[in-house]
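Here is data-v7.txt, consisting of compact mmCIF, C-alpha atoms and all ligand atoms:
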```txt
# COMPACT_ATOMS: atom_id res chain seq x y z
CA MET A 1 0.00 0.00 0.00
CA PRO A 2 1.69 3.20 -1.09
CA ILE A 3 1.73 6.18 1.19
CA TYR A 4 -0.01 9.13 -0.38
CA PRO A 5 0.78 12.72 0.44
CA PRO A 6 -1.57 14.46 2.86
CA ARG A 7 -4.39 16.61 1.54
CA PRO A 8 -3.03 20.01 0.54
CA ASP A 9 -4.24 23.25 2.06
CA PRO A 10 -7.03 24.92 0.06
CA PHE A 11 -5.82 26.53 -3.16
CA GLU A 12 -7.18 27.69 -6.49
CA CYS A 13 -6.03 25.75 -9.50
CA ALA A 14 -3.61 27.82 -11.59
CA ILE A 15 -5.28 26.62 -14.78
CA CYS A 16 -9.05 26.29 -14.23
CA GLY A 17 -9.25 28.64 -11.23
CA LYS A 18 -11.51 26.30 -9.28
CA ALA A 19 -11.11 25.85 -5.55
CA HIS A 20 -9.39 22.66 -4.44
CA PRO A 21 -9.11 20.20 -2.85
CA LEU A 22 -12.67 18.97 -3.21
CA GLN A 23 -14.65 17.86 -0.19
CA TRP A 24 -14.08 14.25 -0.95
CA GLN A 25 -11.10 13.12 -2.88
CA ASP A 26 -9.70 9.78 -3.84
CA PRO A 27 -6.36 9.57 -2.01
CA THR A 28 -4.72 8.34 -5.20
CA GLN A 29 -5.82 11.56 -6.90
CA THR A 30 -4.67 14.08 -4.33
CA ASP A 31 -4.22 17.51 -5.90
CA TYR A 32 -0.69 18.82 -6.08
CA PRO A 33 -0.94 22.61 -5.82
CA PRO A 34 -1.01 24.76 -7.88
CA VAL A 35 -2.73 22.53 -10.46
CA CYS A 36 -5.73 20.32 -9.76
CA TRP A 37 -5.85 16.64 -10.63
CA ALA A 38 -8.32 17.17 -13.48
CA CYS A 39 -6.26 19.84 -15.25
CA GLU A 40 -3.08 17.91 -14.60
CA GLN A 41 -4.34 14.61 -15.99
CA TYR A 42 -7.12 15.49 -18.41
CA GLY A 43 -6.60 19.10 -19.39
CA TRP A 44 -4.43 18.66 -22.44
CA ARG A 45 -4.29 14.90 -22.96
CA LEU A 46 -0.58 14.83 -22.38
CA GLY A 47 -0.15 11.11 -22.23
CA PRO A 48 -1.67 8.37 -20.11
CA ILE A 49 -3.21 8.95 -16.70
CA THR A 50 -0.51 8.41 -14.12
CA ARG A 51 -0.38 8.34 -10.35
CA LYS A 52 3.40 8.24 -10.05
CA PRO A 53 4.51 11.39 -8.26
CA ASP A 54 7.44 12.16 -10.56
CA MET A 55 5.32 11.60 -13.66
CA ARG A 56 2.60 13.76 -12.15
CA LEU A 57 5.03 16.63 -11.68
CA ALA A 58 6.11 16.30 -15.29
CA LYS A 59 2.47 16.39 -16.38
CA GLN A 60 1.82 19.44 -14.24
CA ILE A 61 4.67 21.30 -15.87
CA ALA A 62 3.48 20.27 -19.33
CA ALA A 63 -0.12 21.23 -18.55
CA LEU A 64 0.96 24.62 -17.21
CA SER A 65 3.10 25.35 -20.24
CA GLU A 66 0.26 24.33 -22.57
CA ALA A 67 -2.16 26.55 -20.68
CA LEU A 68 0.26 29.48 -20.89
CA SER A 69 0.93 29.03 -24.57
CA GLU A 70 -2.79 28.69 -25.32
CA GLU A 71 -3.52 31.90 -23.45
CA ALA A 72 -0.67 33.67 -25.20
CA SER A 73 -1.88 32.61 -28.66
CA ARG A 74 -5.39 33.72 -27.82
CA LYS A 75 -4.15 37.15 -26.73
CA ILE A 76 -2.02 37.54 -29.85
CA TYR A 77 -4.99 36.56 -32.00
CA GLU A 78 -7.32 39.01 -30.24
CA GLU A 79 -4.81 41.82 -30.54
CA ALA A 80 -4.32 41.10 -34.23
CA ARG A 81 -8.08 41.21 -34.74
CA HIS A 82 -8.96 44.21 -32.65
CA GLY A 83 -5.73 46.20 -32.78
ZN ZN B 101 -7.80 22.84 -12.50
```
Give the structure from this file in structure tokens form.
Ligand SMILES: [Zn+2]
Amino acid sequence: MPIYPPRPDPFECAICGKAHPLQWQDPTQTDYPPVCWACEQYGWRLGPITRKPDMRLAKQIAALSEALSEEASRKIYEEARHG
């Protein structure tokens, strides 16, 4: 039986902005601040679902960089359209 990290203090996900952790949470899916489990694992389909802590960190970094680049492209597009 692996030992899971304790529940984190409340935080808002850096990507979706929702409050976490949820009331009830599967201990295998504990949120790692600042990104929630859902954004980390499902947000950008960056490979298979994983519960390994080091893989999760890698996915968090990838999800954050995808979120940033998406936001940046959207801003550039809007500026190009509206001046
Ligand atoms: Zn999130």
Per-residue nearest contacts chain A to ligand ZN 101 (chain B), cut-off 9 Å, using all atoms listed in the file, as JSON lines:
```
{"residue": "A:Glu12", "atom": "CA", "partner": "B:ZN101", "partner_atom": "ZN", "distance": 7.7}
{"residue": "A:Cys13", "atom": "CA", "partner": "B:ZN101", "partner_atom": "ZN", "distance": 4.5}
{"residue": "A:Ala14", "atom": "CA", "partner": "B:ZN101", "partner_atom": "ZN", "distance": 6.6}
{"residue": "A:Ile15", "atom": "CA", "partner": "B:ZN101", "partner_atom": "ZN", "distance": 5.1}
{"residue": "A:Cys16", "atom": "CA", "partner": "B:ZN101", "partner_atom": "ZN", "distance": 4.1}
{"residue": "A:Gly17", "atom": "CA", "partner": "B:ZN101", "partner_atom": "ZN", "distance": 6.1}
{"residue": "A:Lys18", "atom": "CA", "partner": "B:ZN101", "partner_atom": "ZN", "distance": 6.0}
{"residue": "A:Ala19", "atom": "CA", "partner": "B:ZN101", "partner_atom": "ZN", "distance": 8.3}
{"residue": "A:His20", "atom": "CA", "partner": "B:ZN101", "partner_atom": "ZN", "distance": 8.2}
{"residue": "A:Pro34", "atom": "CA", "partner": "B:ZN101", "partner_atom": "ZN", "distance": 8.4}
{"residue": "A:Val35", "atom": "CA", "partner": "B:ZN101", "partner_atom": "ZN", "distance": 5.5}
{"residue": "A:Cys36", "atom": "CA", "partner": "B:ZN101", "partner_atom": "ZN", "distance": 4.3}
{"residue": "A:Trp37", "atom": "CA", "partner": "B:ZN101", "partner_atom": "ZN", "distance": 6.8}
{"residue": "A:Ala38", "atom": "CA", "partner": "B:ZN101", "partner_atom": "ZN", "distance": 5.8}
{"residue": "A:Cys39", "atom": "CA", "partner": "B:ZN101", "partner_atom": "ZN", "distance": 4.4}
{"residue": "A:Glu40", "atom": "CA", "partner": "B:ZN101", "partner_atom": "ZN", "distance": 7.1}
{"residue": "A:Gly43", "atom": "CA", "partner": "B:ZN101", "partner_atom": "ZN", "distance": 7.9}
```
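The two atoms in question, atom CA of A:Arg74 and atom CA of A:Trp44, are spaced 16.0 Å apart.
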Rounded to one decimal, what separation in Å do you get between atom CA of A:Pro10 and atom CA of A:Asp31? 9.9 Å
Nearest to A:Gln25 by atom-to-atom distance, counting all atoms listed in the file, from A:Gln41, A:Glu78, A:Met55, A:Pro6: A:Pro6
Which residue out of A:Pro53, A:Ser69, A:Tyr4, A:Leu64 has the minimum interatomic distance to A:Thr28 when all atoms listed in the file are used?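 Once distances to A:Thr28 are computed over all atoms listed in the file, the minimum belongs to A:Tyr4.
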Closest to A:Gly47 among A:Lys75, A:Lys59, A:Arg7, A:His82, using all atoms listed in the file?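 Result for the nearest residue to A:Gly47: A:Lys59.
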Interatomic distance between atom CA of A:Gln29 and atom CA of A:Pro8? 11.6 Å
Go through A:Arg81, A:Pro21, A:Tyr42, A:Ile76 one by one, measure the shortest atom-to-atom distance of each to A:Arg56 using only C-alpha atoms, and give the residue with the smallest value. A:Tyr42
A:Glu79, A:Tyr32, A:Pro27, A:Ala72 ranked by distance to A:Asp54, top pick (using only C-alpha atoms): A:Tyr32
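Distance check against A:Ser65 using all atoms listed in the file: of A:Thr30, A:Gln23, A:Leu46, A:Phe11, the minimum falls on A:Leu46.
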Any chance you could build stretch 2-31 of chain A out to N, CA and C atoms and write it as a compact mmCIF listing (two decimals), in the frame of the given file?
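So the final result, stored in result07.txt, reads:
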```txt
# COMPACT_ATOMS: atom_id res chain seq x y z
N PRO A 2 0.84 2.01 -1.07
CA PRO A 2 1.69 3.20 -1.09
C PRO A 2 1.20 4.25 -0.10
N ILE A 3 2.10 5.08 0.29
CA ILE A 3 1.73 6.18 1.19
C ILE A 3 1.52 7.42 0.33
N TYR A 4 0.31 7.97 0.42
CA TYR A 4 -0.01 9.13 -0.38
C TYR A 4 0.25 10.39 0.42
N PRO A 5 0.55 11.47 -0.29
CA PRO A 5 0.78 12.72 0.44
C PRO A 5 -0.50 13.19 1.11
N PRO A 6 -0.38 13.96 2.19
CA PRO A 6 -1.57 14.46 2.86
C PRO A 6 -2.34 15.43 1.97
N ARG A 7 -3.59 15.64 2.31
CA ARG A 7 -4.39 16.61 1.54
C ARG A 7 -3.71 17.98 1.62
N PRO A 8 -3.65 18.67 0.49
CA PRO A 8 -3.03 20.01 0.54
C PRO A 8 -3.97 21.02 1.19
N ASP A 9 -3.41 22.14 1.59
CA ASP A 9 -4.24 23.25 2.06
C ASP A 9 -5.07 23.74 0.88
N PRO A 10 -6.20 24.42 1.17
CA PRO A 10 -7.03 24.92 0.06
C PRO A 10 -6.23 25.82 -0.88
N PHE A 11 -6.48 25.67 -2.16
CA PHE A 11 -5.82 26.53 -3.16
C PHE A 11 -6.72 26.62 -4.36
N GLU A 12 -6.45 27.59 -5.23
CA GLU A 12 -7.18 27.69 -6.49
C GLU A 12 -6.28 27.20 -7.60
N CYS A 13 -6.82 26.34 -8.41
CA CYS A 13 -6.03 25.75 -9.50
C CYS A 13 -5.51 26.87 -10.42
N ALA A 14 -4.22 26.79 -10.76
CA ALA A 14 -3.61 27.82 -11.59
C ALA A 14 -4.15 27.80 -13.01
N ILE A 15 -4.79 26.71 -13.41
CA ILE A 15 -5.28 26.62 -14.78
C ILE A 15 -6.79 26.88 -14.85
N CYS A 16 -7.59 26.13 -14.11
CA CYS A 16 -9.05 26.29 -14.23
C CYS A 16 -9.60 27.29 -13.22
N GLY A 17 -8.82 27.64 -12.19
CA GLY A 17 -9.25 28.64 -11.23
C GLY A 17 -10.25 28.13 -10.22
N LYS A 18 -10.56 26.85 -10.24
CA LYS A 18 -11.51 26.30 -9.28
C LYS A 18 -10.84 26.03 -7.95
N ALA A 19 -11.64 26.08 -6.89
CA ALA A 19 -11.11 25.85 -5.55
C ALA A 19 -10.87 24.35 -5.34
N HIS A 20 -9.77 24.05 -4.75
CA HIS A 20 -9.39 22.66 -4.44
C HIS A 20 -8.72 22.64 -3.08
N PRO A 21 -8.58 21.49 -2.42
CA PRO A 21 -9.11 20.20 -2.85
C PRO A 21 -10.62 20.12 -2.65
N LEU A 22 -11.23 19.17 -3.35
CA LEU A 22 -12.67 18.97 -3.21
C LEU A 22 -12.96 18.36 -1.84
N GLN A 23 -14.24 18.42 -1.48
CA GLN A 23 -14.65 17.86 -0.19
C GLN A 23 -14.18 16.43 -0.02
N TRP A 24 -14.52 15.64 -1.00
CA TRP A 24 -14.08 14.25 -0.95
C TRP A 24 -13.13 14.04 -2.10
N GLN A 25 -12.08 13.32 -1.82
CA GLN A 25 -11.10 13.12 -2.88
C GLN A 25 -10.48 11.75 -2.73
N ASP A 26 -10.40 11.05 -3.84
CA ASP A 26 -9.70 9.78 -3.84
C ASP A 26 -8.24 10.02 -3.45
N PRO A 27 -7.74 9.31 -2.45
CA PRO A 27 -6.36 9.57 -2.01
C PRO A 27 -5.33 9.33 -3.11
N THR A 28 -5.68 8.53 -4.11
CA THR A 28 -4.72 8.34 -5.20
C THR A 28 -4.72 9.52 -6.16
N GLN A 29 -5.71 10.42 -5.99
CA GLN A 29 -5.82 11.56 -6.90
C GLN A 29 -5.69 12.88 -6.16
N THR A 30 -4.89 12.86 -5.10
CA THR A 30 -4.67 14.08 -4.33
C THR A 30 -4.14 15.18 -5.25
N ASP A 31 -4.71 16.38 -5.11
CA ASP A 31 -4.22 17.51 -5.90
C ASP A 31 -2.83 17.89 -5.44
```
